[in-house]
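Asks: Sharing input-v4.pdb, PDB, C-alpha atoms and all ligand atoms:
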```
ATOM      1  CA  MET N  10     285.059 177.706 135.602
ATOM      2  CA  GLU N  11     282.382 180.229 134.704
ATOM      3  CA  VAL N  12     278.872 179.050 133.879
ATOM      4  CA  ILE N  13     276.849 181.514 131.799
ATOM      5  CA  ASP N  14     273.202 181.146 130.862
ATOM      6  CA  ARG N  15     272.424 184.507 129.253
ATOM      7  CA  SER N  16     273.389 185.315 125.689
ATOM      8  CA  GLU N  17     274.218 188.982 126.366
ATOM      9  CA  THR N  18     276.568 187.936 129.181
ATOM     10  CA  MET N  19     278.258 185.345 126.967
ATOM     11  CA  GLN N  20     278.802 187.808 124.128
ATOM     12  CA  ALA N  21     280.012 190.598 126.429
ATOM     13  CA  ARG N  22     282.465 188.192 128.131
ATOM     14  CA  SER N  23     283.856 186.978 124.776
ATOM     15  CA  LEU N  24     284.233 190.500 123.413
ATOM     16  CA  GLU N  25     286.071 191.448 126.590
ATOM     17  CA  LEU N  26     288.426 188.458 126.229
ATOM     18  CA  LYS N  27     289.059 189.352 122.578
ATOM     19  CA  ARG N  28     289.830 192.946 123.544
ATOM     20  CA  GLU N  29     292.406 191.578 125.971
ATOM     21  CA  GLY N  30     293.947 189.771 123.011
ATOM     22  CA  ARG N  31     293.009 186.244 124.177
ATOM     23  CA  SER N  32     292.288 183.469 121.682
ATOM     24  CA  ILE N  33     289.096 181.452 122.126
ATOM     25  CA  ALA N  34     288.460 177.830 121.143
ATOM     26  CA  PHE N  35     284.884 176.593 121.128
ATOM     27  CA  VAL N  36     283.192 173.178 121.341
ATOM     28  CA  PRO N  37     279.420 173.231 120.803
ATOM     29  CA  THR N  38     277.522 170.251 122.289
ATOM     30  CA  MET N  39     274.043 169.156 123.266
ATOM     31  CA  GLY N  40     275.355 167.857 126.592
ATOM     32  CA  PHE N  41     275.129 164.435 128.232
ATOM     33  CA  LEU N  42     278.845 164.477 127.628
ATOM     34  CA  HIS N  43     280.965 161.443 126.810
ATOM     35  CA  GLU N  44     284.590 160.814 125.824
ATOM     36  CA  GLY N  45     283.808 161.864 122.232
ATOM     37  CA  HIS N  46     282.895 165.368 123.404
ATOM     38  CA  LEU N  47     285.814 165.418 125.845
ATOM     39  CA  SER N  48     288.278 164.530 123.069
ATOM     40  CA  LEU N  49     287.107 167.613 121.147
ATOM     41  CA  MET N  50     287.676 169.693 124.281
ATOM     42  CA  ASP N  51     291.247 168.349 124.504
ATOM     43  CA  ILE N  52     291.908 169.422 120.898
ATOM     44  CA  ALA N  53     290.385 172.852 121.564
ATOM     45  CA  ARG N  54     292.252 173.209 124.878
ATOM     46  CA  SER N  55     295.587 172.717 123.098
ATOM     47  CA  ARG N  56     294.809 175.332 120.446
ATOM     48  CA  ALA N  57     293.763 178.472 122.343
ATOM     49  CA  GLU N  58     294.026 180.279 125.655
ATOM     50  CA  ILE N  59     290.335 180.191 126.520
ATOM     51  CA  LEU N  60     288.125 177.120 126.084
ATOM     52  CA  VAL N  61     284.378 177.685 125.814
ATOM     53  CA  VAL N  62     281.905 174.770 125.675
ATOM     54  CA  SER N  63     278.209 175.202 124.992
ATOM     55  CA  ILE N  64     275.589 172.805 126.295
ATOM     56  CA  PHE N  65     272.302 173.386 124.531
ATOM     57  CA  VAL N  66     269.738 170.894 123.253
ATOM     58  CA  ASN N  67     268.736 172.893 120.206
ATOM     59  CA  PRO N  68     265.001 172.478 119.546
ATOM     60  CA  THR N  69     265.154 173.775 115.967
ATOM     61  CA  GLN N  70     267.216 170.841 114.744
ATOM     62  CA  PHE N  71     264.693 168.237 115.916
ATOM     63  CA  GLY N  72     261.800 167.198 113.690
ATOM     64  CA  ALA N  73     258.228 167.028 115.038
ATOM     65  CA  ASN N  74     258.441 163.238 115.553
ATOM     66  CA  GLU N  75     261.953 163.196 116.919
ATOM     67  CA  ASP N  76     263.340 162.755 120.436
ATOM     68  CA  LEU N  77     263.674 166.373 121.657
ATOM     69  CA  ASP N  78     261.754 165.722 124.883
ATOM     70  CA  GLN N  79     263.511 162.435 125.583
ATOM     71  CA  TYR N  80     267.000 163.687 124.714
ATOM     72  CA  PRO N  81     269.168 162.837 127.761
ATOM     73  CA  ARG N  82     270.171 165.762 129.961
ATOM     74  CA  ASP N  83     272.340 165.984 133.086
ATOM     75  CA  LEU N  84     273.775 169.478 133.457
ATOM     76  CA  ARG N  85     275.327 168.878 136.880
ATOM     77  CA  ARG N  86     277.293 165.887 135.701
ATOM     78  CA  ASP N  87     278.282 167.728 132.500
ATOM     79  CA  LEU N  88     279.589 170.712 134.470
ATOM     80  CA  GLY N  89     281.759 168.389 136.588
ATOM     81  CA  LEU N  90     283.223 166.787 133.445
ATOM     82  CA  CYS N  91     283.912 170.204 131.894
ATOM     83  CA  GLU N  92     285.623 171.426 135.043
ATOM     84  CA  ASP N  93     287.847 168.312 135.146
ATOM     85  CA  ARG N  94     288.769 168.881 131.491
ATOM     86  CA  GLY N  95     289.951 172.437 132.065
ATOM     87  CA  VAL N  96     287.042 174.271 130.444
ATOM     88  CA  ASP N  97     287.074 178.014 131.211
ATOM     89  CA  ILE N  98     283.488 178.919 130.341
ATOM     90  CA  VAL N  99     280.368 176.801 129.909
ATOM     91  CA  PHE N 100     277.511 178.482 128.060
ATOM     92  CA  ALA N 101     274.289 176.652 128.954
ATOM     93  CA  PRO N 102     271.260 178.722 127.934
ATOM     94  CA  GLU N 103     267.558 177.853 127.999
ATOM     95  CA  SER N 104     265.800 177.765 124.608
ATOM     96  CA  THR N 105     263.911 180.945 125.425
ATOM     97  CA  VAL N 106     267.264 182.697 125.811
ATOM     98  CA  MET N 107     268.434 181.503 122.414
ATOM     99  CA  TYR N 108     265.272 182.051 120.379
ATOM    100  CA  ALA N 109     262.879 184.988 120.506
ATOM    101  CA  GLU N 110     259.268 183.841 120.259
ATOM    102  CA  ASP N 111     258.943 185.571 116.885
ATOM    103  CA  ALA N 112     262.385 184.611 115.563
ATOM    104  CA  SER N 113     262.194 184.576 111.770
ATOM    105  CA  CYS N 114     265.774 184.454 110.457
ATOM    106  CA  TRP N 115     267.436 181.179 109.549
ATOM    107  CA  VAL N 116     270.653 179.924 108.010
ATOM    108  CA  ASP N 117     269.904 177.426 105.280
ATOM    109  CA  GLU N 118     272.686 175.514 103.527
ATOM    110  CA  GLU N 119     271.224 174.316 100.251
ATOM    111  CA  GLY N 120     273.805 171.958  98.745
ATOM    112  CA  LEU N 121     275.526 169.515 101.093
ATOM    113  CA  SER N 122     272.382 169.302 103.248
ATOM    114  CA  LYS N 123     270.263 167.666 100.555
ATOM    115  CA  GLY N 124     271.324 164.022 100.959
ATOM    116  CA  LEU N 125     272.123 161.582 103.782
ATOM    117  CA  CYS N 126     270.679 162.831 107.111
ATOM    118  CA  GLY N 127     269.240 165.903 105.376
ATOM    119  CA  ALA N 128     267.021 163.704 103.203
ATOM    120  CA  THR N 129     265.410 161.897 106.144
ATOM    121  CA  ARG N 130     265.513 164.794 108.615
ATOM    122  CA  PRO N 131     264.066 167.775 106.733
ATOM    123  CA  GLY N 132     264.956 171.062 108.440
ATOM    124  CA  HIS N 133     267.603 169.414 110.624
ATOM    125  CA  PHE N 134     270.595 171.185 109.092
ATOM    126  CA  ARG N 135     268.747 174.492 108.942
ATOM    127  CA  GLY N 136     268.395 174.195 112.718
ATOM    128  CA  VAL N 137     272.038 173.165 113.102
ATOM    129  CA  CYS N 138     273.406 175.981 110.899
ATOM    130  CA  THR N 139     271.212 178.566 112.575
ATOM    131  CA  VAL N 140     272.200 177.623 116.107
ATOM    132  CA  VAL N 141     275.893 177.291 115.232
ATOM    133  CA  ALA N 142     275.880 180.718 113.531
ATOM    134  CA  LYS N 143     274.192 182.211 116.617
ATOM    135  CA  LEU N 144     276.677 180.497 118.948
ATOM    136  CA  PHE N 145     279.582 181.742 116.813
ATOM    137  CA  ASN N 146     278.254 185.295 117.186
ATOM    138  CA  LEU N 147     277.892 184.893 120.940
ATOM    139  CA  VAL N 148     281.174 183.081 121.653
ATOM    140  CA  GLN N 149     283.340 184.870 119.040
ATOM    141  CA  PRO N 150     285.762 181.930 118.762
ATOM    142  CA  ASN N 151     288.988 181.881 116.762
ATOM    143  CA  LEU N 152     288.442 178.186 116.170
ATOM    144  CA  ALA N 153     285.703 175.637 116.745
ATOM    145  CA  VAL N 154     286.004 171.858 116.967
ATOM    146  CA  PHE N 155     283.396 169.444 115.559
ATOM    147  CA  GLY N 156     283.417 165.626 115.480
ATOM    148  CA  GLU N 157     283.923 163.529 112.341
ATOM    149  CA  LYS N 158     281.174 161.322 113.807
ATOM    150  CA  ASP N 159     278.710 163.833 112.307
ATOM    151  CA  ALA N 160     280.568 163.920 108.997
ATOM    152  CA  GLN N 161     277.850 165.707 107.040
ATOM    153  CA  GLN N 162     277.415 168.313 109.780
ATOM    154  CA  LEU N 163     281.165 169.030 109.837
ATOM    155  CA  ARG N 164     281.229 169.594 106.074
ATOM    156  CA  ILE N 165     278.140 171.802 106.187
ATOM    157  CA  ILE N 166     279.647 173.943 108.952
ATOM    158  CA  ARG N 167     282.868 174.349 106.931
ATOM    159  CA  ARG N 168     280.741 175.448 103.961
ATOM    160  CA  MET N 169     278.732 177.895 106.088
ATOM    161  CA  VAL N 170     281.929 179.409 107.473
ATOM    162  CA  ARG N 171     283.318 179.802 103.943
ATOM    163  CA  ASP N 172     280.138 181.149 102.364
ATOM    164  CA  LEU N 173     279.219 183.540 105.178
ATOM    165  CA  ASN N 174     282.807 184.624 105.918
ATOM    166  CA  PHE N 175     282.987 183.704 109.572
ATOM    167  CA  PRO N 176     286.580 184.403 110.687
ATOM    168  CA  ILE N 177     286.752 181.011 112.400
ATOM    169  CA  GLU N 178     288.931 177.956 111.784
ATOM    170  CA  ILE N 179     286.942 174.726 111.812
ATOM    171  CA  VAL N 180     288.808 171.710 113.167
ATOM    172  CA  GLY N 181     287.603 168.086 112.876
ATOM    173  CA  GLY N 182     288.076 165.553 115.689
ATOM    174  CA  ALA N 183     288.335 161.776 115.104
ATOM    175  CA  ILE N 184     285.461 159.470 116.087
ATOM    176  CA  VAL N 185     285.833 158.070 119.609
ATOM    177  CA  ARG N 186     284.541 154.512 120.035
ATOM    178  CA  GLU N 187     283.782 152.022 122.804
ATOM    179  CA  ALA N 188     286.284 149.155 123.129
ATOM    180  CA  ASP N 189     284.046 146.983 120.924
ATOM    181  CA  GLY N 190     283.853 149.626 118.188
ATOM    182  CA  LEU N 191     280.461 151.261 118.800
ATOM    183  CA  ALA N 192     280.826 155.010 118.190
ATOM    184  CA  LEU N 193     280.088 156.946 121.382
ATOM    185  CA  SER N 194     276.806 158.843 121.276
ATOM    186  CA  SER N 195     274.554 160.403 123.917
ATOM    187  CA  ARG N 196     271.777 158.332 122.335
ATOM    188  CA  ASN N 197     273.516 154.969 123.065
ATOM    189  CA  ARG N 198     271.982 155.018 126.523
ATOM    190  CA  TYR N 199     268.552 154.391 124.964
ATOM    191  CA  LEU N 200     269.696 151.033 123.566
ATOM    192  CA  SER N 201     268.525 147.818 125.274
ATOM    193  CA  ALA N 202     271.174 145.112 125.772
ATOM    194  CA  GLU N 203     269.913 143.338 122.651
ATOM    195  CA  GLU N 204     269.923 146.512 120.544
ATOM    196  CA  ARG N 205     273.373 147.437 121.870
ATOM    197  CA  GLU N 206     274.685 144.033 120.723
ATOM    198  CA  GLN N 207     273.082 144.342 117.295
ATOM    199  CA  ALA N 208     274.289 147.939 116.904
ATOM    200  CA  LEU N 209     277.810 146.563 116.459
ATOM    201  CA  CYS N 210     276.736 145.780 112.887
ATOM    202  CA  LEU N 211     277.521 149.418 111.963
ATOM    203  CA  GLN N 212     281.158 148.988 112.884
ATOM    204  CA  ARG N 213     281.311 145.523 111.241
ATOM    205  CA  ALA N 214     279.830 146.987 108.050
ATOM    206  CA  LEU N 215     282.373 149.820 107.930
ATOM    207  CA  LYS N 216     285.212 147.352 108.571
ATOM    208  CA  ARG N 217     283.967 145.163 105.722
ATOM    209  CA  ALA N 218     283.831 148.171 103.392
ATOM    210  CA  GLU N 219     287.420 148.980 104.285
ATOM    211  CA  GLN N 220     288.567 145.377 103.750
ATOM    212  CA  LEU N 221     286.875 145.201 100.355
ATOM    213  CA  PHE N 222     288.422 148.502  99.333
ATOM    214  CA  GLU N 223     291.863 147.394 100.521
ATOM    215  CA  LYS N 224     291.518 144.225  98.428
ATOM    216  CA  GLY N 225     290.974 146.414  95.382
ATOM    217  CA  GLU N 226     287.167 146.648  95.141
ATOM    218  CA  LYS N 227     286.264 150.037  93.643
ATOM    219  CA  ASN N 228     282.658 149.409  92.706
ATOM    220  CA  ALA N 229     280.463 151.345  95.154
ATOM    221  CA  ALA N 230     277.306 149.306  94.506
ATOM    222  CA  LYS N 231     279.124 146.065  95.336
ATOM    223  CA  ILE N 232     280.434 147.476  98.610
ATOM    224  CA  GLU N 233     276.997 148.903  99.446
ATOM    225  CA  ARG N 234     275.373 145.500  98.856
ATOM    226  CA  GLN N 235     277.746 143.752 101.256
ATOM    227  CA  ILE N 236     277.225 146.432 103.909
ATOM    228  CA  PHE N 237     273.478 146.169 103.440
ATOM    229  CA  GLU N 238     273.593 142.411 104.038
ATOM    230  CA  ILE N 239     275.568 142.804 107.263
ATOM    231  CA  VAL N 240     273.179 145.400 108.716
ATOM    232  CA  ASP N 241     270.015 143.828 107.331
ATOM    233  CA  ALA N 242     270.908 140.517 109.053
ATOM    234  CA  GLU N 243     270.200 142.146 112.448
ATOM    235  CA  PRO N 244     266.479 141.807 113.194
ATOM    236  CA  LEU N 245     266.203 145.061 115.188
ATOM    237  CA  ALA N 246     268.143 147.195 112.691
ATOM    238  CA  GLU N 247     266.118 149.389 110.364
ATOM    239  CA  ILE N 248     268.309 150.942 107.701
ATOM    240  CA  ASP N 249     267.790 154.649 107.084
ATOM    241  CA  TYR N 250     270.616 154.954 104.566
ATOM    242  CA  ILE N 251     273.845 153.329 103.458
ATOM    243  CA  ALA N 252     275.809 155.558 101.129
ATOM    244  CA  LEU N 253     279.174 155.908  99.449
ATOM    245  CA  VAL N 254     279.687 159.573  98.631
ATOM    246  CA  ASP N 255     282.551 161.831  97.632
ATOM    247  CA  GLU N 256     284.340 162.821 100.842
ATOM    248  CA  SER N 257     284.026 166.554 100.243
ATOM    249  CA  THR N 258     281.031 167.090  97.920
ATOM    250  CA  LEU N 259     278.892 164.306  99.488
ATOM    251  CA  ILE N 260     277.713 163.369  95.974
ATOM    252  CA  PRO N 261     277.141 159.599  95.564
ATOM    253  CA  VAL N 262     279.931 157.798  93.727
ATOM    254  CA  SER N 263     279.674 154.721  91.517
ATOM    255  CA  GLN N 264     283.419 154.036  91.427
ATOM    256  CA  ILE N 265     285.876 154.862  94.214
ATOM    257  CA  GLU N 266     288.423 157.074  92.518
ATOM    258  CA  SER N 267     289.159 159.575  95.272
ATOM    259  CA  ALA N 268     288.509 159.832  99.002
ATOM    260  CA  THR N 269     285.061 158.385  99.616
ATOM    261  CA  LEU N 270     282.895 158.625 102.709
ATOM    262  CA  VAL N 271     280.990 155.480 103.665
ATOM    263  CA  ALA N 272     278.090 156.718 105.777
ATOM    264  CA  LEU N 273     275.386 154.756 107.600
ATOM    265  CA  ALA N 274     272.284 155.666 109.544
ATOM    266  CA  VAL N 275     270.438 152.833 111.246
ATOM    267  CA  ASP N 276     267.417 152.984 113.512
ATOM    268  CA  PHE N 277     266.959 150.666 116.511
ATOM    269  CA  ASN N 278     263.400 151.058 117.809
ATOM    270  CA  GLY N 279     263.525 154.824 117.395
ATOM    271  CA  THR N 280     267.178 155.247 118.411
ATOM    272  CA  ARG N 281     268.927 156.529 115.320
ATOM    273  CA  LEU N 282     272.630 155.724 115.141
ATOM    274  CA  ILE N 283     275.075 157.112 112.585
ATOM    275  CA  ASP N 284     278.637 156.151 111.798
ATOM    276  CA  ASN N 285     281.098 156.595 108.953
ATOM    277  CA  LYS N 286     284.563 155.954 107.598
ATOM    278  CA  VAL N 287     286.607 157.568 104.854
ATOM    279  CA  LEU N 288     288.082 155.184 102.263
ATOM    280  CA  GLY N 289     291.137 156.213 100.278
ATOM    281  CA  CYS N 290     293.570 158.944 101.082
ATOM    282  CA  GLU N 291     291.802 162.094 102.134
ATOM    283  CA  LYS N 292     292.213 164.666  99.437
ATOM    284  CA  LYS N 293     292.874 168.253 100.412
ATOM    285  CA  ARG N 294     289.706 169.595 101.923
ATOM    286  CA  THR N 295     287.746 172.207 100.064
ATOM    287  CA  ALA N 296     284.743 173.828 101.733
TER
HETATM  288  P1  LIG C   1     276.243 166.413 120.117
HETATM  289  O1  LIG C   1     276.273 166.708 121.577
HETATM  290  O2  LIG C   1     275.772 165.036 119.778
HETATM  291  O3  LIG C   1     275.564 167.492 119.309
HETATM  292  O4  LIG C   1     277.752 166.440 119.636
HETATM  293  C1  LIG C   1     278.577 167.549 119.876
HETATM  294  C2  LIG C   1     279.873 167.356 119.121
HETATM  295  O5  LIG C   1     280.495 166.164 119.541
HETATM  296  C3  LIG C   1     279.652 167.231 117.600
HETATM  297  O6  LIG C   1     280.686 167.949 116.935
HETATM  298  C4  LIG C   1     279.789 165.746 117.379
HETATM  299  O7  LIG C   1     280.248 165.413 116.082
HETATM  300  C5  LIG C   1     280.831 165.372 118.419
HETATM  301  N1  LIG C   1     280.767 163.944 118.749
HETATM  302  C6  LIG C   1     279.671 163.233 119.106
HETATM  303  N2  LIG C   1     280.001 161.937 119.277
HETATM  304  C7  LIG C   1     281.329 161.830 119.007
HETATM  305  C8  LIG C   1     282.265 160.738 118.993
HETATM  306  N3  LIG C   1     281.904 159.498 119.297
HETATM  307  N4  LIG C   1     283.547 161.008 118.658
HETATM  308  C9  LIG C   1     283.938 162.285 118.348
HETATM  309  N5  LIG C   1     283.106 163.347 118.338
HETATM  310  C10 LIG C   1     281.823 163.122 118.666
END
```
Please, can you express the file's structure as structure tokens?
Ligand code: AMP
Replies:
Amino acid sequence: MEVIDRSETMQARSLELKREGRSIAFVPTMGFLHEGHLSLMDIARSRAEILVVSIFVNPTQFGANEDLDQYPRDLRRDLGLCEDRGVDIVFAPESTVMYAEDASCWVDEEGLSKGLCGATRPGHFRGVCTVVAKLFNLVQPNLAVFGEKDAQQLRIIRRMVRDLNFPIEIVGGAIVREADGLALSSRNRYLSAEEREQALCLQRALKRAEQLFEKGEKNAAKIERQIFEIVDAEPLAEIDYIALVDESTLIPVSQIESATLVALAVDFNGTRLIDNKVLGCEKKRTA
């Protein structure tokens, strides 16, 4: 496995591989890898000859009061996991390698980014789109795999690829959960035992939404109210948002008539957890 930390080296290596006619699959991550990340690598591994993983805690997607400095990092452990999973190249740059001091160009998605996480994390998706566009230019992948766990991010990346004509297929990977249903996240390690227990309310809330929908409930406000009660009953849970939105446009729905994304963001003493589920058959994806 090659480990590259310079952007010129990464780009030169990818261009060389492309010249040799090799296909490249790419999984961008912020490291502190878990089975969720590894499942994306398995999908990518099965779809191309060369698997590239990036490990980069991207400063531009963190707000001033967010957890950039505390974000968990363990490059040595991550490299071991990548090697075991058959990764060919790990790109792990420092921030100074990725951003010139006077960098002044950004990729701003102005539609899908408005609501949900975009509403409470201003600038977050600008940082995400910018770093993903830069990584795409450095890694030159044929396809890239992103998790459904970050449902809004996945849709925004599909839109960016469509609108800016990146010749890259975007593939979504299912959410990987702990045995008790908590979605895996690098941030779960911040949770105290009590918070960890209470965090199961996200999964319970999504299950309840699904049950209600399966029993024929189509009224979004009624489902939202029941979810709210489940999460609000946990003393340490601070709700950021609970939303039922159209699965592809992310516009809030009042009645469930087509595939609908139920999305939650809940804060536990500064640890922000997100989770989601799609209700109804997924309609054909449009960017
Ligand atoms: P991160 O390192 O948190 O930026 O995540 C890197 C990629 O892993 C993103 O595409 C995430 O959506 C995906 N991911 C994170 N957690 C999970 C999970 N529990 N299941 C599946 N994919 C995940």
Asks: Of the candidates N:Leu60, N:Ala53, N:Ala202, N:Val271, which shows the shortest atom-to-atom distance to Lys216 (chain N), using only C-alpha atoms?
Replies: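 Closest to Lys216 (chain N) of all the choices is N:Val271.
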Asks: Output the neighbourhood of ligand LIG 1 (chain C) as a ChimeraX atom specification, that is, all protein and nucleic acid residues with some atom at most 10 Å from the ligand, counting all atoms listed in the file.
Replies: /N:36-50,62-67,137,153-163,180-187,191-196,283-284
Asks: Given the file above and the PyMOL selection byres (((chain N and resi 234-241) around 9) and not hetatm), which residues are selected, and can you give them as JSON, numbers by chain?
Replies: {"N": [207, 208, 210, 211, 213, 214, 215, 217, 218, 229, 230, 231, 232, 233, 242, 243, 244, 245, 246, 247, 248, 251, 275]}
Asks: So the first atom is CA of Thr105 (chain N) and the second is CA of Gly279 (chain N); what is the distance between them in Å, to one decimal place?
Replies: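 Distance between the two atoms: 27.3 Å.
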Asks: Could you tell me which of N:Gly120, N:Gly72, N:Pro261, N:Gly127 comes closest to Ala274 (chain N) if we count only C-alpha atoms?
Replies: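 So, comparing all the options, the nearest one is N:Gly127.
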Asks: With all atoms listed in the file as the atoms that count, which of N:Phe71, N:Tyr80, N:Tyr250, N:Phe35 lies nearest to Val148 (chain N)?
Replies: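 Using all atoms listed in the file, the shortest distance to Val148 (chain N) belongs to N:Phe35.
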Asks: Pick out the closest residue to Asp97 (chain N) from this set: N:Cys126, N:Pro131, N:Arg54, N:Gly190. Count all atoms listed in the file.
Replies: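 Nearest to Asp97 (chain N): N:Arg54.
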Asks: Any idea what's packed within 12 Å of Glu266 (chain N), counting all atoms listed in the file, ignoring anything in its chain fewer than 6 positions away? Could you give it as a PyMOL selection string?
Replies: chain N and resi 222+225-229+253-256+288-292
Asks: Skipping near chain neighbours, those fewer than 6 positions away, what residues fall within 6 Å of Leu152 (chain N) using only C-alpha atoms, listed as a count of residues only?
Replies: 4
Asks: Residues near Glu119 (chain N), anyone? I mean within 10 Å using all atoms listed in the file, not counting same-chain ones fewer than 3 positions away, as JSON, numbers by chain.
Replies: {"N": [116, 122, 123, 134, 135, 165]}
Asks: Choose the residue, out of N:Ile52, N:Leu125, N:Ile98, N:Val12, that has the smallest atom-to-atom separation from Leu26 (chain N); count all atoms listed in the file.
Replies: N:Ile98
Asks: Hey, can you check how far CA of Asp87 (chain N) sits from CA of Met10 (chain N)?
Replies: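 Distance between the two atoms: 12.5 Å.
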Asks: What are the centre and edge lengths in Å, to one decimal, of the axis-aligned box around all listed atoms of region 78-89 of chain N with 6 Å added on each side, as lines of an AutoDock Vina configuration file?
Replies:
```
center_x = 271.8
center_y = 166.6
center_z = 130.8
size_x = 32.0
size_y = 20.3
size_z = 24.2
```
Asks: How far is it from CA of Met107 (chain N) to CA of Arg31 (chain N), in Å with one decimal?
Replies: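 Interatomic distance, CA of Met107 (chain N) to CA of Arg31 (chain N): 25.1 Å.
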Asks: Here is a test: counting all atoms listed in the file, which residue of N:Glu92, N:Asp14, N:Glu203, N:Glu223 is nearest to Ser104 (chain N)?
Replies: N:Asp14
